[in-house]
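Trainee: Structure file entry.txt (compact mmCIF, C-alpha atoms) is given on the next line.
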```txt
# COMPACT_ATOMS: atom_id res chain seq x y z
CA MET U 1235 10.99 5.56 11.67
CA SER U 1236 13.15 2.51 11.48
CA GLY U 1237 12.35 -0.02 14.16
CA HIS U 1238 8.83 1.34 14.65
CA ILE U 1239 6.65 -1.31 16.28
CA PHE U 1240 2.98 -1.17 15.42
CA HIS U 1241 1.84 -3.62 18.05
CA PRO U 1242 3.79 -3.72 21.31
CA GLY U 1243 5.06 -7.18 22.21
CA HIS U 1244 5.65 -8.21 18.62
CA SER U 1245 8.84 -8.36 16.60
CA ASP U 1246 9.82 -5.12 14.92
CA LEU U 1247 9.01 -6.85 11.62
CA HIS U 1248 5.41 -7.41 12.68
CA GLY U 1249 3.09 -5.95 10.04
CA ILE U 1250 5.95 -5.29 7.62
CA THR U 1251 6.07 -6.73 4.10
CA VAL U 1252 9.20 -8.85 3.91
CA VAL U 1253 11.10 -11.04 1.50
CA VAL U 1254 11.86 -14.50 2.86
CA GLU U 1255 14.69 -16.18 1.01
CA THR U 1256 14.81 -19.90 1.62
CA THR U 1257 17.67 -22.33 1.44
CA GLY U 1258 15.93 -23.90 -1.55
CA ASP U 1259 14.49 -22.41 -4.73
CA ALA U 1260 11.46 -20.77 -3.17
CA LEU U 1261 11.21 -17.15 -2.24
CA PHE U 1262 8.22 -15.61 -0.48
CA VAL U 1263 6.96 -12.05 -0.13
CA GLY U 1264 4.37 -11.40 2.53
CA ARG U 1265 3.43 -9.53 5.65
CA TYR U 1266 5.40 -10.77 8.64
CA HIS U 1267 3.26 -11.73 11.59
CA GLU U 1268 5.46 -13.60 14.04
CA GLU U 1269 7.92 -16.41 14.50
CA THR U 1270 6.34 -19.47 16.06
CA PRO U 1271 7.88 -22.82 17.00
CA SER U 1272 6.80 -24.02 13.54
CA GLY U 1273 8.41 -21.17 11.66
CA VAL U 1274 7.68 -17.67 10.46
CA LEU U 1275 4.01 -16.86 9.88
CA LEU U 1276 3.32 -14.60 6.91
CA HIS U 1277 0.04 -13.15 5.63
CA ASP U 1278 -1.00 -12.43 2.01
CA VAL U 1279 1.98 -14.22 0.55
CA ALA U 1280 3.29 -14.22 -3.01
CA GLU U 1281 5.60 -17.05 -3.97
CA HIS U 1282 8.35 -17.30 -6.55
CA ARG U 1283 9.99 -20.48 -7.78
CA PRO U 1284 12.25 -20.48 -10.79
CA THR U 1285 10.90 -22.18 -13.89
CA PRO U 1286 12.41 -22.29 -17.38
CA ALA U 1287 9.63 -20.14 -18.83
CA GLY U 1288 8.99 -17.98 -15.77
CA MET U 1289 10.41 -14.69 -14.68
CA SER U 1290 13.65 -14.47 -12.78
CA ARG U 1291 13.73 -13.87 -9.05
CA GLU U 1292 15.01 -10.34 -9.62
CA ALA U 1293 12.27 -9.57 -12.16
CA PHE U 1294 9.65 -10.97 -9.78
CA LEU U 1295 10.87 -8.73 -6.97
CA GLN U 1296 11.10 -5.64 -9.16
CA LYS U 1297 7.55 -6.27 -10.40
CA THR U 1298 6.36 -6.77 -6.82
CA LEU U 1299 8.02 -3.53 -5.71
CA LYS U 1300 6.29 -1.60 -8.48
CA PHE U 1301 2.90 -3.28 -8.69
CA GLY U 1302 2.50 -4.68 -5.19
CA VAL U 1303 2.18 -8.10 -3.64
CA ARG U 1304 -0.20 -10.46 -5.46
CA GLY U 1305 -0.99 -12.76 -2.57
CA GLN U 1306 -1.35 -16.42 -3.50
CA HIS U 1307 -1.55 -17.70 0.07
CA PRO U 1308 -3.65 -15.90 2.71
CA HIS U 1309 -1.40 -17.36 5.41
CA LEU U 1310 1.82 -19.34 5.21
CA VAL U 1311 4.34 -20.69 7.70
CA VAL U 1312 7.90 -20.95 6.43
CA PRO U 1313 9.88 -23.38 8.61
CA SER U 1314 12.70 -21.55 10.39
CA SER U 1315 15.18 -24.19 9.29
CA ASP U 1316 14.38 -23.38 5.64
CA ILE U 1317 15.01 -19.65 5.96
CA ARG U 1318 18.25 -18.20 4.70
CA ARG U 1319 17.41 -14.53 5.09
CA ILE U 1320 14.55 -12.15 5.82
CA CYS U 1321 14.56 -8.51 4.79
CA ARG U 1322 12.03 -5.77 4.19
CA LEU U 1323 10.75 -5.72 0.64
CA VAL U 1324 11.57 -2.03 0.28
CA GLU U 1325 15.16 -2.77 1.28
CA TRP U 1326 15.58 -5.71 -1.05
CA ASP U 1327 17.59 -3.90 -3.68
CA LYS U 1328 19.75 -2.21 -1.05
CA THR U 1329 21.00 -5.46 0.45
CA MET Q 264 -16.61 -8.00 8.12
CA PRO Q 265 -16.84 -4.22 8.45
CA TYR Q 266 -16.00 -2.65 11.79
CA ASP Q 267 -18.54 -0.81 13.88
CA PRO Q 268 -19.27 2.40 11.96
CA ARG Q 269 -18.77 4.41 15.13
CA LEU Q 270 -15.22 3.10 15.37
CA VAL Q 271 -14.24 4.10 11.86
CA GLN Q 272 -16.02 7.45 11.74
CA PRO Q 273 -12.99 9.34 13.13
CA MET Q 274 -10.89 7.77 10.37
CA ARG Q 275 -13.37 9.05 7.79
CA ASP Q 276 -13.51 12.47 9.45
CA GLU Q 277 -9.72 12.74 9.34
CA MET Q 278 -9.84 12.36 5.56
CA VAL Q 279 -12.62 14.89 5.10
CA ARG Q 280 -10.79 17.40 7.30
CA MET Q 281 -7.80 17.28 4.99
CA GLY Q 282 -10.02 17.99 1.99
CA ALA Q 283 -10.75 14.54 0.59
CA THR Q 284 -14.14 13.66 -0.83
CA GLU Q 285 -15.47 10.35 0.42
CA LEU Q 286 -16.74 7.94 -2.22
CA ARG Q 287 -19.02 5.42 -0.56
CA THR Q 288 -20.90 3.93 -3.48
CA VAL Q 289 -20.07 2.59 -6.92
CA PRO Q 290 -21.89 5.45 -8.71
CA GLU Q 291 -19.91 7.95 -6.64
CA VAL Q 292 -16.67 6.22 -7.62
CA ASP Q 293 -17.60 6.16 -11.29
CA ALA Q 294 -18.59 9.81 -11.22
CA ALA Q 295 -15.21 10.79 -9.78
CA LEU Q 296 -12.90 8.38 -11.60
CA GLY Q 297 -14.82 7.84 -14.79
CA ASP Q 298 -14.08 11.27 -16.20
CA PRO Q 299 -10.32 11.17 -16.60
CA LYS Q 300 -9.31 14.80 -16.82
CA GLY Q 301 -6.60 16.43 -14.76
CA THR Q 302 -4.97 15.08 -11.64
CA LEU Q 303 -6.76 12.97 -9.09
CA LEU Q 304 -5.45 11.32 -5.93
CA VAL Q 305 -7.26 8.26 -4.61
CA PHE Q 306 -6.56 7.34 -0.99
CA VAL Q 307 -7.57 3.79 -0.08
CA ASN Q 308 -8.27 4.14 3.63
CA SER Q 309 -7.91 1.35 6.16
CA VAL Q 310 -8.38 0.67 9.84
CA CYS Q 311 -4.86 -0.72 10.16
CA GLY Q 312 -2.08 0.84 12.19
CA CYS Q 313 -0.03 2.00 9.24
CA ALA Q 314 -2.99 4.01 7.98
CA ALA Q 315 -3.35 5.77 11.32
CA GLY Q 316 0.35 6.10 12.05
CA GLY Q 317 1.67 6.66 8.56
CA ALA Q 318 -0.62 7.07 5.60
CA ARG Q 319 -3.28 9.54 6.77
CA PRO Q 320 -0.80 11.86 8.55
CA ALA Q 321 1.46 11.66 5.50
CA LEU Q 322 -1.30 12.70 3.15
CA ALA Q 323 -2.33 15.52 5.46
CA LEU Q 324 1.25 16.82 5.36
CA ALA Q 325 1.57 16.40 1.61
CA LEU Q 326 -1.66 18.25 0.92
CA LYS Q 327 -0.17 21.35 2.53
CA HIS Q 328 2.33 21.44 -0.33
CA THR Q 329 1.94 24.28 -2.80
CA VAL Q 330 1.51 21.82 -5.66
CA ARG Q 331 -1.24 19.27 -5.17
CA PRO Q 332 -3.70 17.20 -7.18
CA GLN Q 333 -6.81 18.91 -8.50
CA GLN Q 334 -9.04 16.37 -6.77
CA VAL Q 335 -8.54 14.18 -3.70
CA VAL Q 336 -10.96 11.33 -3.07
CA THR Q 337 -11.02 8.42 -0.67
CA VAL Q 338 -12.58 4.99 -0.45
CA PHE Q 339 -12.57 2.85 2.66
CA ALA Q 340 -11.32 -0.72 2.19
CA GLY Q 341 -13.11 -3.26 4.34
CA GLN Q 342 -15.92 -0.79 5.06
CA ASP Q 343 -17.36 0.47 1.79
CA THR Q 344 -16.25 -2.68 0.03
CA GLU Q 345 -18.12 -2.25 -3.25
CA ALA Q 346 -16.85 1.29 -3.66
CA ALA Q 347 -13.28 0.25 -2.83
CA THR Q 348 -13.42 -2.69 -5.23
CA ARG Q 349 -14.75 -0.43 -7.97
CA ALA Q 350 -12.07 2.20 -7.37
CA ARG Q 351 -9.38 -0.46 -7.59
CA GLN Q 352 -10.64 -1.41 -11.03
CA TYR Q 353 -9.36 1.97 -12.22
CA PHE Q 354 -5.83 0.95 -11.25
CA ALA Q 355 -6.14 -2.79 -11.70
CA ASP Q 356 -2.50 -3.31 -12.70
CA TYR Q 357 -1.61 -2.63 -9.08
CA ALA Q 358 -2.20 -5.29 -6.47
CA PRO Q 359 -4.83 -4.27 -3.93
CA SER Q 360 -3.41 -3.14 -0.63
CA SER Q 361 -4.63 -0.82 2.05
CA PRO Q 362 -3.76 1.76 2.88
CA SER Q 363 -2.52 2.77 -0.54
CA ILE Q 364 -2.47 5.90 -2.63
CA ALA Q 365 -2.90 6.24 -6.37
CA LEU Q 366 -2.13 9.43 -8.25
CA LEU Q 367 -3.81 9.60 -11.65
CA ARG Q 368 -3.34 12.11 -14.42
CA ASP Q 369 -5.93 12.10 -17.19
CA GLY Q 370 -7.01 8.66 -16.01
CA GLU Q 371 -3.54 7.12 -16.06
CA VAL Q 372 -1.76 6.02 -12.89
CA VAL Q 373 1.43 8.08 -12.67
CA HIS Q 374 2.44 7.27 -9.10
CA PHE Q 375 1.41 4.58 -6.65
CA VAL Q 376 2.19 4.23 -2.97
CA HIS Q 377 1.66 0.67 -1.78
CA ARG Q 378 1.18 -0.39 1.78
CA HIS Q 379 4.70 -1.84 1.74
CA MET Q 380 6.02 1.67 1.04
CA ILE Q 381 4.21 3.02 4.10
CA GLU Q 382 4.89 0.31 6.70
CA GLY Q 383 7.60 1.32 9.13
CA HIS Q 384 8.14 4.70 7.51
CA SER Q 385 7.45 8.04 9.13
CA PRO Q 386 4.63 10.24 7.82
CA GLN Q 387 7.34 12.72 6.82
CA ASP Q 388 9.06 10.10 4.62
CA VAL Q 389 5.82 9.17 2.88
CA ALA Q 390 4.83 12.83 2.52
CA ARG Q 391 8.17 13.63 0.87
CA ASP Q 392 7.54 10.91 -1.69
CA LEU Q 393 4.05 12.24 -2.35
CA MET Q 394 5.18 15.84 -2.67
CA ALA Q 395 7.86 14.85 -5.15
CA ALA Q 396 5.14 13.12 -7.18
CA PHE Q 397 2.90 16.20 -6.94
CA ASP Q 398 5.76 18.38 -8.21
CA ARG Q 399 6.41 16.00 -11.05
CA PHE Q 400 2.88 15.25 -12.16
CA CYS Q 401 0.56 17.95 -10.84
CA ALA Q 402 2.41 21.16 -11.59
CA THR Q 403 0.73 23.27 -14.25
CA THR Q 404 2.82 23.67 -17.35
CA ALA Q 405 3.23 27.25 -18.55
CA VAL Q 406 2.15 27.71 -22.14
```
Can you turn what I pasted into structure tokens?

Mentor:
Amino acid sequence: MSGHIFHPGHSDLHGITVVVETTGDALFVGRYHEETPSGVLLHDVAEHRPTPAGMSREAFLQKTLKFGVRGQHPHLVVPSSDIRRICRLVEWDKT
Amino acid sequence: MPYDPRLVQPMRDEMVRMGATELRTVPEVDAALGDPKGTLLVFVNSVCGCAAGGARPALALALKHTVRPQQVVTVFAGQDTEAATRARQYFADYAPSSPSIALLRDGEVVHFVHRHMIEGHSPQDVARDLMAAFDRFCATTAV
């Protein structure tokens, strides 16, 4: 049911768990709400930033796919200018 | 804050109609999940759109499959919060999401369907995934 919209009037990503790749080091996984003038609003957001002792981005996403999104931020706005790419979490490894 | 019980009753009834046992208290959860024998499916119900449009219809379809779990139970996230929290402790490695579906065999999680695997998918897609898991984990082995 690709393109299914749960709530009419919203983006087709509304309510979908997405990966937001930024132009910097940060990567976010959360439920897309909407794009506002300030940026993209996500709910229940997990965040990954590379650290020498931490897991890789790929490992973080594979773990998230298997075990689910461990939300660190109830709500987060990612500035549009910082976003490189947004895709559905379930399609991450297909892109 | 829980929704008006009258609003969610049809969502509970839908689960019972498909053969699920509702677990509304912590003792009920412990009685069902605390004795880890055989196959048990736990459906974490929700008022959200992907529960109504995807998860509940998907489970109803999957439970028509010839191979199915020995027990099907449900807790309602956001409504019976203590029961839902307790149920999630039995599959604590998995981040809480609702709706979600855990398939356990002898107390061990063998398959998990997160909310992110339901969002935007048709009930048929989700049901196919569940039926494949039933075939893999719930089929009786001939001796």

Trainee: Mind listing whatever residues come within 7 Å of the point (4.3, -10.0, -6.7)? Use only C-alpha atoms, file coordinates, and give them as a PyMOL selection string.

Mentor: chain U and resi 1280+1294-1295+1297-1298+1302-1304

Trainee: So which residues touch Val307 of chain Q within 6 Å, counting all atoms listed in the file, skipping near sequence neighbours fewer than 3 positions away, as a list in words?

Mentor: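 Contacts, in chain order: Thr337, Val338, Phe339, Ser361, Pro362 and Ser363 of chain Q.
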
Trainee: Could you give me, as a VMD selection string, the residues within 8 Å of segment 284-298 of chain Q, counting all atoms listed in the file and dropping anything in the same chain fewer than 2 positions from it?

Mentor: chain Q and resid 275 278 to 279 282 300 335 to 339 343 345 to 346 349 to 350 353 370

Trainee: Against chain U, which residues of chain Q fall within 12 Å? For each one I want the closest pair of atoms and the distance in Å (one decimal), counting all atoms listed in the file, rows by chain and increasing residue number, as CSV.

Mentor:
```
residue,atom,partner,partner_atom,distance
Q:Cys311,CA,U:Phe1240,CA,9.5
Q:Gly312,CA,U:Phe1240,CA,6.3
Q:Cys313,CA,U:Phe1240,CA,7.6
Q:Ala314,CA,U:Phe1240,CA,10.9
Q:Ala315,CA,U:Phe1240,CA,10.2
Q:Gly316,CA,U:Phe1240,CA,8.4
Q:Gly317,CA,U:Met1235,CA,9.9
Q:Phe354,CA,U:Phe1301,CA,10.0
Q:Ala355,CA,U:Phe1301,CA,9.5
Q:Asp356,CA,U:Phe1301,CA,6.7
Q:Tyr357,CA,U:Phe1301,CA,4.6
Q:Ala358,CA,U:Gly1302,CA,4.9
Q:Pro359,CA,U:Gly1302,CA,7.4
Q:Ser360,CA,U:Gly1302,CA,7.6
Q:Ser361,CA,U:Gly1302,CA,10.9
Q:Ser363,CA,U:Gly1302,CA,10.1
Q:Ile364,CA,U:Gly1302,CA,12.0
Q:Ala365,CA,U:Phe1301,CA,11.4
Q:Val372,CA,U:Phe1301,CA,11.2
Q:Val373,CA,U:Lys1300,CA,11.6
Q:His374,CA,U:Lys1300,CA,9.7
Q:Phe375,CA,U:Lys1300,CA,8.1
Q:Val376,CA,U:Lys1300,CA,9.0
Q:His377,CA,U:Gly1302,CA,6.4
Q:Arg378,CA,U:Gly1302,CA,8.3
Q:His379,CA,U:Thr1251,CA,5.6
Q:Met380,CA,U:Val1324,CA,6.7
Q:Ile381,CA,U:Ile1250,CA,9.2
Q:Glu382,CA,U:Ile1250,CA,5.8
Q:Gly383,CA,U:His1238,CA,5.7
Q:His384,CA,U:Met1235,CA,5.1
Q:Ser385,CA,U:Met1235,CA,5.0
Q:Pro386,CA,U:Met1235,CA,8.8
Q:Gln387,CA,U:Met1235,CA,9.4
Q:Asp388,CA,U:Met1235,CA,8.6
Q:Val389,CA,U:Met1235,CA,10.8
```

Trainee: In Å, rounded to a single decimal, give me how far atom CA of Leu324 of chain Q is from atom CA of Pro273 of chain Q.

Mentor: 17.9 Å

Trainee: Return the single residue from Q:Ala395, Q:Leu367, Q:Asn308, Q:Asp267 that is closest to Ala347 of chain Q, with distances computed using all atoms listed in the file.

Mentor: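 Closest to Ala347 of chain Q of all the choices is Q:Asn308.
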
Trainee: Find the residue from U:Val1279, U:Ala1260, U:Val1274, U:Met1289 that sits nearest to Pro1313 of chain U; use only C-alpha atoms when measuring.

Mentor: U:Val1274

Trainee: Separation of atom CA of Ile1317 of chain U and atom CA of His1282 of chain U, in Å?

Mentor: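 So the answer is 14.4 Å.
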